[in-house]
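K.L.:
The following file, structure-v4.txt, comprises compact mmCIF, N, CA and C atoms:
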```txt
# COMPACT_ATOMS: atom_id res chain seq x y z
N MET A 682 0.83 -1.18 0.00
CA MET A 682 0.00 0.00 0.00
C MET A 682 0.88 1.25 0.00
N LYS A 683 0.47 2.23 -0.80
CA LYS A 683 1.16 3.51 -0.88
C LYS A 683 0.25 4.59 -0.30
N ILE A 684 0.86 5.70 0.11
CA ILE A 684 0.08 6.82 0.63
C ILE A 684 -0.94 7.27 -0.40
N SER A 685 -0.56 7.26 -1.67
CA SER A 685 -1.48 7.69 -2.73
C SER A 685 -2.70 6.77 -2.85
N ASP A 686 -2.65 5.58 -2.26
CA ASP A 686 -3.81 4.69 -2.26
C ASP A 686 -4.91 5.17 -1.31
N ILE A 687 -4.52 5.97 -0.32
CA ILE A 687 -5.50 6.42 0.68
C ILE A 687 -5.68 7.93 0.71
N LEU A 688 -4.82 8.63 -0.02
CA LEU A 688 -4.84 10.09 0.00
C LEU A 688 -4.76 10.61 -1.43
N SER A 689 -5.73 11.43 -1.83
CA SER A 689 -5.67 12.06 -3.15
C SER A 689 -5.24 13.52 -2.96
N ALA A 690 -4.93 14.17 -4.05
CA ALA A 690 -4.46 15.56 -3.97
C ALA A 690 -5.51 16.48 -3.32
N ASP A 691 -6.78 16.20 -3.54
CA ASP A 691 -7.80 17.06 -2.92
C ASP A 691 -8.11 16.67 -1.47
N ASP A 692 -7.36 15.73 -0.92
CA ASP A 692 -7.47 15.37 0.49
C ASP A 692 -6.41 16.08 1.33
N VAL A 693 -5.74 17.07 0.73
CA VAL A 693 -4.74 17.87 1.45
C VAL A 693 -5.31 19.26 1.64
N CYS A 694 -5.35 19.71 2.89
CA CYS A 694 -5.95 20.99 3.22
C CYS A 694 -4.97 21.87 3.99
N THR A 695 -4.95 23.13 3.65
CA THR A 695 -4.27 24.10 4.48
C THR A 695 -5.39 24.90 5.14
N VAL A 696 -5.37 24.95 6.46
CA VAL A 696 -6.50 25.49 7.21
C VAL A 696 -6.05 26.72 8.01
N VAL A 697 -6.85 27.75 7.92
CA VAL A 697 -6.60 28.99 8.64
C VAL A 697 -7.71 29.20 9.65
N GLY A 698 -7.33 29.58 10.85
CA GLY A 698 -8.31 30.03 11.82
C GLY A 698 -8.85 29.02 12.81
N ILE A 699 -8.47 27.77 12.73
CA ILE A 699 -8.92 26.81 13.73
C ILE A 699 -7.96 26.88 14.91
N GLU A 700 -8.52 27.08 16.10
CA GLU A 700 -7.67 27.29 17.27
C GLU A 700 -7.89 26.29 18.38
N ALA A 701 -8.75 25.30 18.16
CA ALA A 701 -9.04 24.32 19.21
C ALA A 701 -9.15 22.92 18.62
N LYS A 702 -8.75 21.95 19.40
CA LYS A 702 -8.74 20.55 18.97
C LYS A 702 -10.14 20.08 18.56
N LYS A 703 -11.14 20.38 19.37
CA LYS A 703 -12.50 19.93 19.07
C LYS A 703 -12.99 20.49 17.74
N ALA A 704 -12.72 21.76 17.49
CA ALA A 704 -13.12 22.38 16.22
C ALA A 704 -12.42 21.72 15.04
N LEU A 705 -11.15 21.37 15.22
CA LEU A 705 -10.41 20.70 14.15
C LEU A 705 -10.97 19.31 13.90
N LEU A 706 -11.21 18.54 14.97
CA LEU A 706 -11.75 17.19 14.81
C LEU A 706 -13.12 17.25 14.15
N ASP A 707 -13.92 18.25 14.47
CA ASP A 707 -15.24 18.40 13.87
C ASP A 707 -15.12 18.71 12.38
N ALA A 708 -14.23 19.65 12.02
CA ALA A 708 -14.06 20.01 10.61
C ALA A 708 -13.50 18.84 9.81
N ALA A 709 -12.52 18.15 10.36
CA ALA A 709 -11.94 17.00 9.66
C ALA A 709 -12.97 15.88 9.53
N GLY A 710 -13.74 15.65 10.59
CA GLY A 710 -14.79 14.64 10.55
C GLY A 710 -15.82 14.93 9.47
N GLU A 711 -16.16 16.20 9.33
CA GLU A 711 -17.13 16.59 8.30
C GLU A 711 -16.57 16.33 6.90
N LYS A 712 -15.32 16.71 6.67
CA LYS A 712 -14.70 16.49 5.35
C LYS A 712 -14.58 14.99 5.05
N LEU A 713 -14.14 14.20 6.04
CA LEU A 713 -14.03 12.76 5.84
C LEU A 713 -15.41 12.12 5.61
N ALA A 714 -16.42 12.62 6.30
CA ALA A 714 -17.77 12.10 6.11
C ALA A 714 -18.23 12.31 4.67
N LYS A 715 -17.97 13.50 4.13
CA LYS A 715 -18.36 13.80 2.75
C LYS A 715 -17.61 12.90 1.77
N LYS A 716 -16.34 12.63 2.05
CA LYS A 716 -15.51 11.81 1.15
C LYS A 716 -15.90 10.34 1.18
N THR A 717 -16.40 9.87 2.32
CA THR A 717 -16.65 8.44 2.49
C THR A 717 -18.13 8.06 2.48
N GLY A 718 -19.01 9.03 2.68
CA GLY A 718 -20.43 8.73 2.78
C GLY A 718 -20.85 8.27 4.17
N VAL A 719 -19.93 8.29 5.11
CA VAL A 719 -20.23 7.91 6.50
C VAL A 719 -20.80 9.14 7.21
N ASP A 720 -21.74 8.91 8.11
CA ASP A 720 -22.36 9.96 8.89
C ASP A 720 -21.30 10.80 9.62
N LYS A 721 -21.44 12.12 9.57
CA LYS A 721 -20.49 13.05 10.20
C LYS A 721 -20.34 12.80 11.69
N LEU A 722 -21.44 12.58 12.38
CA LEU A 722 -21.38 12.36 13.82
C LEU A 722 -20.63 11.08 14.16
N THR A 723 -20.85 10.03 13.39
CA THR A 723 -20.12 8.77 13.59
C THR A 723 -18.63 9.00 13.39
N MET A 724 -18.28 9.70 12.33
CA MET A 724 -16.87 9.99 12.03
C MET A 724 -16.23 10.75 13.19
N PHE A 725 -16.88 11.81 13.63
CA PHE A 725 -16.35 12.61 14.75
C PHE A 725 -16.23 11.77 16.01
N ASP A 726 -17.28 11.01 16.33
CA ASP A 726 -17.27 10.21 17.56
C ASP A 726 -16.14 9.20 17.58
N VAL A 727 -15.89 8.52 16.47
CA VAL A 727 -14.82 7.51 16.43
C VAL A 727 -13.45 8.16 16.60
N ILE A 728 -13.22 9.27 15.92
CA ILE A 728 -11.93 9.95 16.05
C ILE A 728 -11.76 10.52 17.46
N GLN A 729 -12.82 11.12 17.99
CA GLN A 729 -12.75 11.69 19.34
C GLN A 729 -12.54 10.58 20.39
N GLU A 730 -13.21 9.46 20.20
CA GLU A 730 -13.06 8.34 21.13
C GLU A 730 -11.61 7.86 21.18
N ARG A 731 -10.96 7.80 20.02
CA ARG A 731 -9.55 7.39 19.97
C ARG A 731 -8.67 8.42 20.68
N GLU A 732 -8.95 9.69 20.48
CA GLU A 732 -8.19 10.74 21.17
C GLU A 732 -8.38 10.67 22.68
N ASN A 733 -9.56 10.28 23.11
CA ASN A 733 -9.83 10.15 24.55
C ASN A 733 -8.99 9.05 25.19
N LEU A 734 -8.59 8.05 24.40
CA LEU A 734 -7.73 6.98 24.91
C LEU A 734 -6.31 7.47 25.15
N GLY A 735 -5.91 8.48 24.43
CA GLY A 735 -4.57 9.06 24.53
C GLY A 735 -4.29 9.85 23.27
N SER A 736 -3.57 10.92 23.42
CA SER A 736 -3.28 11.79 22.28
C SER A 736 -2.56 11.03 21.18
N THR A 737 -2.92 11.35 19.95
CA THR A 737 -2.26 10.75 18.79
C THR A 737 -1.13 11.65 18.28
N ALA A 738 -0.76 12.66 19.08
CA ALA A 738 0.35 13.54 18.71
C ALA A 738 1.68 12.81 18.92
N PHE A 739 2.57 12.94 17.93
CA PHE A 739 3.91 12.34 18.02
C PHE A 739 4.89 13.23 18.73
N GLY A 740 4.63 14.51 18.73
CA GLY A 740 5.62 15.48 19.14
C GLY A 740 6.17 16.14 17.89
N GLY A 741 6.88 17.22 18.06
CA GLY A 741 7.42 17.92 16.90
C GLY A 741 6.35 18.58 16.05
N GLY A 742 5.16 18.77 16.62
CA GLY A 742 4.09 19.46 15.90
C GLY A 742 3.26 18.58 14.99
N THR A 743 3.34 17.24 15.16
CA THR A 743 2.61 16.33 14.28
C THR A 743 1.67 15.42 15.06
N ALA A 744 0.62 14.97 14.39
CA ALA A 744 -0.33 14.04 15.00
C ALA A 744 -0.96 13.17 13.93
N LEU A 745 -1.43 12.00 14.37
CA LEU A 745 -2.05 11.02 13.48
C LEU A 745 -3.38 10.54 14.08
N PRO A 746 -4.40 11.40 14.08
CA PRO A 746 -5.72 10.96 14.55
C PRO A 746 -6.25 9.86 13.64
N HIS A 747 -6.81 8.83 14.23
CA HIS A 747 -7.28 7.70 13.42
C HIS A 747 -8.38 6.94 14.14
N GLY A 748 -9.04 6.09 13.37
CA GLY A 748 -10.08 5.27 13.94
C GLY A 748 -10.63 4.29 12.92
N ARG A 749 -11.34 3.31 13.44
CA ARG A 749 -11.99 2.31 12.59
C ARG A 749 -13.48 2.62 12.57
N ILE A 750 -13.99 2.70 11.37
CA ILE A 750 -15.35 3.20 11.16
C ILE A 750 -16.28 2.08 10.68
N PRO A 751 -17.35 1.82 11.40
CA PRO A 751 -18.33 0.82 10.95
C PRO A 751 -18.91 1.23 9.59
N GLY A 752 -18.99 0.28 8.68
CA GLY A 752 -19.59 0.53 7.38
C GLY A 752 -18.68 1.15 6.34
N LEU A 753 -17.47 1.51 6.72
CA LEU A 753 -16.53 2.08 5.76
C LEU A 753 -15.98 0.96 4.88
N SER A 754 -15.84 1.22 3.57
CA SER A 754 -15.38 0.16 2.67
C SER A 754 -13.88 0.19 2.40
N ASN A 755 -13.24 1.37 2.47
CA ASN A 755 -11.81 1.49 2.17
C ASN A 755 -11.14 2.43 3.16
N LEU A 756 -9.83 2.29 3.30
CA LEU A 756 -9.05 3.23 4.08
C LEU A 756 -9.10 4.59 3.39
N LYS A 757 -9.15 5.64 4.19
CA LYS A 757 -9.19 6.99 3.63
C LYS A 757 -8.37 7.92 4.51
N GLY A 758 -7.61 8.80 3.88
CA GLY A 758 -6.79 9.75 4.60
C GLY A 758 -7.20 11.18 4.31
N LEU A 759 -6.81 12.05 5.21
CA LEU A 759 -6.99 13.49 5.08
C LEU A 759 -5.79 14.14 5.74
N PHE A 760 -5.08 15.00 5.02
CA PHE A 760 -3.93 15.68 5.60
C PHE A 760 -4.29 17.14 5.81
N VAL A 761 -3.97 17.65 7.00
CA VAL A 761 -4.28 19.03 7.34
C VAL A 761 -3.01 19.73 7.83
N ARG A 762 -2.73 20.88 7.21
CA ARG A 762 -1.67 21.76 7.72
C ARG A 762 -2.36 23.01 8.24
N LEU A 763 -2.17 23.27 9.52
CA LEU A 763 -2.77 24.44 10.15
C LEU A 763 -1.84 25.65 10.03
N ASP A 764 -2.43 26.83 9.97
CA ASP A 764 -1.61 28.04 9.92
C ASP A 764 -1.00 28.35 11.28
N LYS A 765 -1.63 27.83 12.34
CA LYS A 765 -1.15 28.06 13.70
C LYS A 765 -1.38 26.78 14.49
N GLY A 766 -0.35 26.32 15.19
CA GLY A 766 -0.47 25.09 15.95
C GLY A 766 -1.50 25.18 17.06
N ILE A 767 -2.09 24.02 17.40
CA ILE A 767 -3.07 23.96 18.48
C ILE A 767 -2.62 22.93 19.52
N ASP A 768 -3.14 23.07 20.71
CA ASP A 768 -2.82 22.12 21.78
C ASP A 768 -3.46 20.77 21.45
N PHE A 769 -2.65 19.73 21.43
CA PHE A 769 -3.13 18.39 21.12
C PHE A 769 -2.67 17.40 22.19
N ASN A 770 -2.29 17.93 23.36
CA ASN A 770 -1.80 17.11 24.47
C ASN A 770 -0.60 16.25 24.07
N ALA A 771 0.29 16.83 23.28
CA ALA A 771 1.49 16.11 22.85
C ALA A 771 2.42 15.90 24.04
N ALA A 772 3.13 14.79 24.03
CA ALA A 772 4.06 14.48 25.11
C ALA A 772 5.13 15.55 25.27
N ASP A 773 5.55 16.17 24.14
CA ASP A 773 6.58 17.20 24.23
C ASP A 773 5.99 18.58 24.53
N GLY A 774 4.66 18.67 24.65
CA GLY A 774 4.01 19.93 24.99
C GLY A 774 3.90 20.93 23.85
N LYS A 775 4.42 20.57 22.67
CA LYS A 775 4.40 21.50 21.54
C LYS A 775 3.04 21.46 20.84
N PRO A 776 2.62 22.62 20.31
CA PRO A 776 1.37 22.63 19.55
C PRO A 776 1.53 21.87 18.24
N VAL A 777 0.42 21.34 17.76
CA VAL A 777 0.40 20.52 16.54
C VAL A 777 -0.12 21.36 15.38
N ASP A 778 0.61 21.29 14.25
CA ASP A 778 0.16 21.99 13.05
C ASP A 778 0.10 21.10 11.81
N LEU A 779 0.62 19.86 11.91
CA LEU A 779 0.54 18.91 10.80
C LEU A 779 -0.18 17.66 11.28
N LEU A 780 -1.28 17.32 10.63
CA LEU A 780 -2.09 16.18 11.05
C LEU A 780 -2.48 15.33 9.85
N PHE A 781 -2.32 14.05 10.01
CA PHE A 781 -2.74 13.09 8.99
C PHE A 781 -3.84 12.25 9.62
N PHE A 782 -5.08 12.46 9.19
CA PHE A 782 -6.22 11.70 9.68
C PHE A 782 -6.33 10.42 8.85
N LEU A 783 -6.55 9.30 9.53
CA LEU A 783 -6.73 8.02 8.84
C LEU A 783 -7.96 7.34 9.41
N VAL A 784 -8.88 6.97 8.52
CA VAL A 784 -10.03 6.16 8.92
C VAL A 784 -10.01 4.87 8.12
N SER A 785 -10.37 3.79 8.78
CA SER A 785 -10.29 2.45 8.19
C SER A 785 -11.56 1.67 8.50
N PRO A 786 -11.86 0.69 7.64
CA PRO A 786 -12.98 -0.21 7.96
C PRO A 786 -12.70 -0.95 9.28
N GLU A 787 -13.74 -1.36 9.94
CA GLU A 787 -13.61 -2.02 11.25
C GLU A 787 -12.66 -3.22 11.24
N ASN A 788 -12.69 -4.01 10.18
CA ASN A 788 -11.90 -5.24 10.17
C ASN A 788 -10.72 -5.18 9.20
N SER A 789 -10.07 -4.02 9.13
CA SER A 789 -8.94 -3.85 8.21
C SER A 789 -7.61 -3.91 8.96
N GLY A 790 -7.44 -4.89 9.80
CA GLY A 790 -6.28 -4.99 10.67
C GLY A 790 -4.94 -4.72 10.03
N ALA A 791 -4.50 -5.56 9.09
CA ALA A 791 -3.17 -5.43 8.50
C ALA A 791 -3.04 -4.15 7.69
N ASP A 792 -4.06 -3.81 6.90
CA ASP A 792 -3.99 -2.59 6.10
C ASP A 792 -3.93 -1.35 6.99
N HIS A 793 -4.73 -1.35 8.05
CA HIS A 793 -4.74 -0.22 8.99
C HIS A 793 -3.36 -0.04 9.62
N LEU A 794 -2.77 -1.12 10.08
CA LEU A 794 -1.45 -1.05 10.71
C LEU A 794 -0.37 -0.64 9.71
N SER A 795 -0.44 -1.14 8.49
CA SER A 795 0.52 -0.77 7.46
C SER A 795 0.43 0.72 7.15
N ALA A 796 -0.78 1.22 7.01
CA ALA A 796 -0.97 2.65 6.74
C ALA A 796 -0.45 3.50 7.90
N LEU A 797 -0.76 3.10 9.14
CA LEU A 797 -0.27 3.84 10.30
C LEU A 797 1.26 3.90 10.30
N ALA A 798 1.90 2.79 9.98
CA ALA A 798 3.37 2.74 9.96
C ALA A 798 3.93 3.68 8.90
N GLN A 799 3.35 3.68 7.72
CA GLN A 799 3.84 4.55 6.64
C GLN A 799 3.65 6.02 6.98
N ILE A 800 2.49 6.34 7.52
CA ILE A 800 2.19 7.73 7.86
C ILE A 800 3.10 8.20 9.00
N SER A 801 3.30 7.35 10.01
CA SER A 801 4.14 7.76 11.13
C SER A 801 5.58 7.99 10.68
N LYS A 802 6.04 7.23 9.71
CA LYS A 802 7.39 7.43 9.17
C LYS A 802 7.51 8.83 8.57
N ILE A 803 6.49 9.25 7.86
CA ILE A 803 6.49 10.60 7.26
C ILE A 803 6.47 11.66 8.36
N LEU A 804 5.57 11.50 9.32
CA LEU A 804 5.39 12.53 10.35
C LEU A 804 6.56 12.62 11.32
N LYS A 805 7.36 11.58 11.40
CA LYS A 805 8.54 11.62 12.27
C LYS A 805 9.79 12.11 11.54
N ASP A 806 9.68 12.34 10.24
CA ASP A 806 10.80 12.83 9.43
C ASP A 806 10.83 14.36 9.53
N GLU A 807 11.72 14.88 10.37
CA GLU A 807 11.77 16.32 10.63
C GLU A 807 12.03 17.13 9.38
N ASN A 808 12.89 16.63 8.49
CA ASN A 808 13.18 17.36 7.26
C ASN A 808 11.96 17.45 6.35
N ARG A 809 11.26 16.32 6.21
CA ARG A 809 10.07 16.34 5.36
C ARG A 809 8.99 17.24 5.97
N CYS A 810 8.84 17.20 7.28
CA CYS A 810 7.85 18.07 7.93
C CYS A 810 8.20 19.54 7.72
N ALA A 811 9.48 19.87 7.77
CA ALA A 811 9.90 21.25 7.51
C ALA A 811 9.55 21.66 6.09
N GLU A 812 9.76 20.75 5.14
CA GLU A 812 9.41 21.03 3.75
C GLU A 812 7.90 21.22 3.60
N ILE A 813 7.12 20.39 4.29
CA ILE A 813 5.66 20.52 4.24
C ILE A 813 5.23 21.87 4.81
N ARG A 814 5.85 22.27 5.90
CA ARG A 814 5.50 23.57 6.50
C ARG A 814 5.85 24.73 5.57
N ASN A 815 6.89 24.58 4.76
CA ASN A 815 7.32 25.64 3.85
C ASN A 815 6.66 25.58 2.48
N ALA A 816 5.94 24.51 2.20
CA ALA A 816 5.29 24.37 0.89
C ALA A 816 4.28 25.49 0.68
N LYS A 817 4.21 25.96 -0.55
CA LYS A 817 3.32 27.08 -0.88
C LYS A 817 1.90 26.64 -1.21
N THR A 818 1.75 25.40 -1.71
CA THR A 818 0.43 24.96 -2.16
C THR A 818 0.11 23.56 -1.63
N ALA A 819 -1.17 23.23 -1.66
CA ALA A 819 -1.61 21.89 -1.27
C ALA A 819 -1.01 20.85 -2.23
N ALA A 820 -0.85 21.20 -3.50
CA ALA A 820 -0.26 20.27 -4.47
C ALA A 820 1.19 19.95 -4.10
N GLU A 821 1.94 20.95 -3.64
CA GLU A 821 3.31 20.71 -3.20
C GLU A 821 3.34 19.79 -1.98
N ILE A 822 2.41 20.01 -1.07
CA ILE A 822 2.33 19.16 0.13
C ILE A 822 2.02 17.73 -0.28
N TYR A 823 1.07 17.55 -1.18
CA TYR A 823 0.71 16.21 -1.64
C TYR A 823 1.92 15.50 -2.23
N LYS A 824 2.68 16.19 -3.04
CA LYS A 824 3.88 15.61 -3.64
C LYS A 824 4.86 15.17 -2.54
N LEU A 825 5.05 16.00 -1.52
CA LEU A 825 5.96 15.66 -0.43
C LEU A 825 5.46 14.44 0.37
N LEU A 826 4.15 14.32 0.52
CA LEU A 826 3.57 13.21 1.26
C LEU A 826 3.65 11.89 0.50
N THR A 827 3.61 11.96 -0.81
CA THR A 827 3.52 10.73 -1.61
C THR A 827 4.83 10.30 -2.24
N GLU A 828 5.88 11.09 -2.11
CA GLU A 828 7.16 10.65 -2.66
C GLU A 828 7.82 9.67 -1.69
N ASN A 829 8.63 8.78 -2.23
CA ASN A 829 9.30 7.79 -1.39
C ASN A 829 10.37 8.43 -0.64
```
Could you quickly redo this structure as structure tokens?
P.N.:
Amino acid sequence: MKISDILSADDVCTVVGIEAKKALLDAAGEKLAKKTGVDKLTMFDVIQERENLGSTAFGGGTALPHGRIPGLSNLKGLFVRLDKGIDFNAADGKPVDLLFFLVSPENSGADHLSALAQISKILKDENRCAEIRNAKTAAEIYKLLTEN
């Protein structure tokens, strides 16, 4: 599986003005719901429930909110770059400005884990994250996310 299998160019967003975690999860849940046909409230609840178990922030300003969604047929990603970092309860205490949301079907064990591993490799790469932060367009960000 490649990142491009779960993320298309129009699944990359640069977002201005969101200042709270709940507002971000709500906006991302709404966008993912539209992309997948899953109810917005279900999408939000599953992602929020996972966050309640423990923050999905890696540190260094990155996070990987994720969840398994009943009725979803395929893995789907959404990448968000915020104009200003928000508190995400990261272990290093730093605000998060780069987030890769991943939703998977309930019984997609191996695919879900494979996607999480690939995404975490990207988000832990400080050089690539710096390039993503400096990218001028969503298309540039997509290219950085999908290159090997």
K.L.:
Name all residues at most 8 Å from Arg731 (chain A) (count all atoms listed in the file; drop same-chain ones fewer than 5 positions away) and give them as a VMD selection string.
P.N.:
chain A and resid 725 to 726 736 to 737 746 to 749
K.L.:
So for region 813-824 of chain A, what box centre and size do we get, axis-aligned, 5 Å extra on each of the six sides, every listed atom, Å to one decimal, as lines of an AutoDock Vina configuration file?
P.N.:
```
center_x = 2.9
center_y = 21.1
center_z = 1.0
size_x = 18.9
size_y = 21.9
size_z = 21.0
```
K.L.:
May I ask which of the residues A:Gly718, A:Gly710, A:Gly698, A:Pro786 is the closest one to Pro751 (chain A), counting only N, CA and C atoms?
P.N.:
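That would be A:Pro786, the residue with the smallest distance to Pro751 (chain A).
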K.L.:
Using all atoms listed in the file, which protein or nucleic acid residues come within 6 Å of region 772-781 of chain A? Drop anything in the same chain fewer than 3 positions from it, and give the result as a list in words.
P.N.:
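Here the answer would be Ala738, Phe739, Gly740, Gly742, Thr743, Ala744, Leu745, Pro746, Leu759, Phe760, Val761, Arg762, Leu763, Lys765, Gly766, Ile767, Asp768 and Phe769 of chain A.
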K.L.:
Could you jot down the CA of Ile684 (chain A) to CA of Glu700 (chain A) separation for me, Å, one decimal place?
P.N.:
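One can read the CA of Ile684 (chain A) to CA of Glu700 (chain A) distance as 27.5 Å.
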K.L.:
Neighbouring residues of Gly758 (chain A) were defined as those with any atom within 8 Å, considering only C-alpha atoms; residues of the same chain fewer than 4 positions away were excluded. Please report them as a list of chain:residue names.
P.N.:
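The neighbour list is A:Ile687, A:Leu688, A:Asp692, A:Leu713, A:Phe781, A:Phe782, A:Leu783, A:Val784.
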K.L.:
Of the candidates A:Ala690, A:Val719, A:Leu797, A:Met724, which shows the shortest atom-to-atom distance to Leu706 (chain A), using all atoms listed in the file?
P.N.:
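Using all atoms listed in the file, Leu706 (chain A) sits closest to A:Met724.
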K.L.:
Interatomic distance between atom C of Val696 (chain A) and CA of Asp764 (chain A)?
P.N.:
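Between atom C of Val696 (chain A) and CA of Asp764 (chain A) the gap works out to 5.0 Å.
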K.L.:
Per DSSP on the backbone, filter region 728-770 of chain A down to the residues in helix (DSSP H, G or I) and report them as a CSV table (one decimal) with N, CA and C atoms, in the coordinates of the input.
P.N.:
```
chain,number,residue,atom,x,y,z
A,728,ILE,N,-13.2,9.3,15.9
A,728,ILE,CA,-11.9,10.0,16.0
A,728,ILE,C,-11.8,10.5,17.5
A,729,GLN,N,-12.8,11.1,18.0
A,729,GLN,CA,-12.8,11.7,19.3
A,729,GLN,C,-12.5,10.6,20.4
A,730,GLU,N,-13.2,9.5,20.2
A,730,GLU,CA,-13.1,8.3,21.1
A,730,GLU,C,-11.6,7.9,21.2
A,731,ARG,N,-11.0,7.8,20.0
A,731,ARG,CA,-9.6,7.4,20.0
A,731,ARG,C,-8.7,8.4,20.7
A,732,GLU,N,-9.0,9.7,20.5
A,732,GLU,CA,-8.2,10.7,21.2
A,732,GLU,C,-8.4,10.7,22.7
A,733,ASN,N,-9.6,10.3,23.1
A,733,ASN,CA,-9.8,10.2,24.6
A,733,ASN,C,-9.0,9.0,25.2
A,734,LEU,N,-8.6,8.0,24.4
A,734,LEU,CA,-7.7,7.0,24.9
A,734,LEU,C,-6.3,7.5,25.2
```
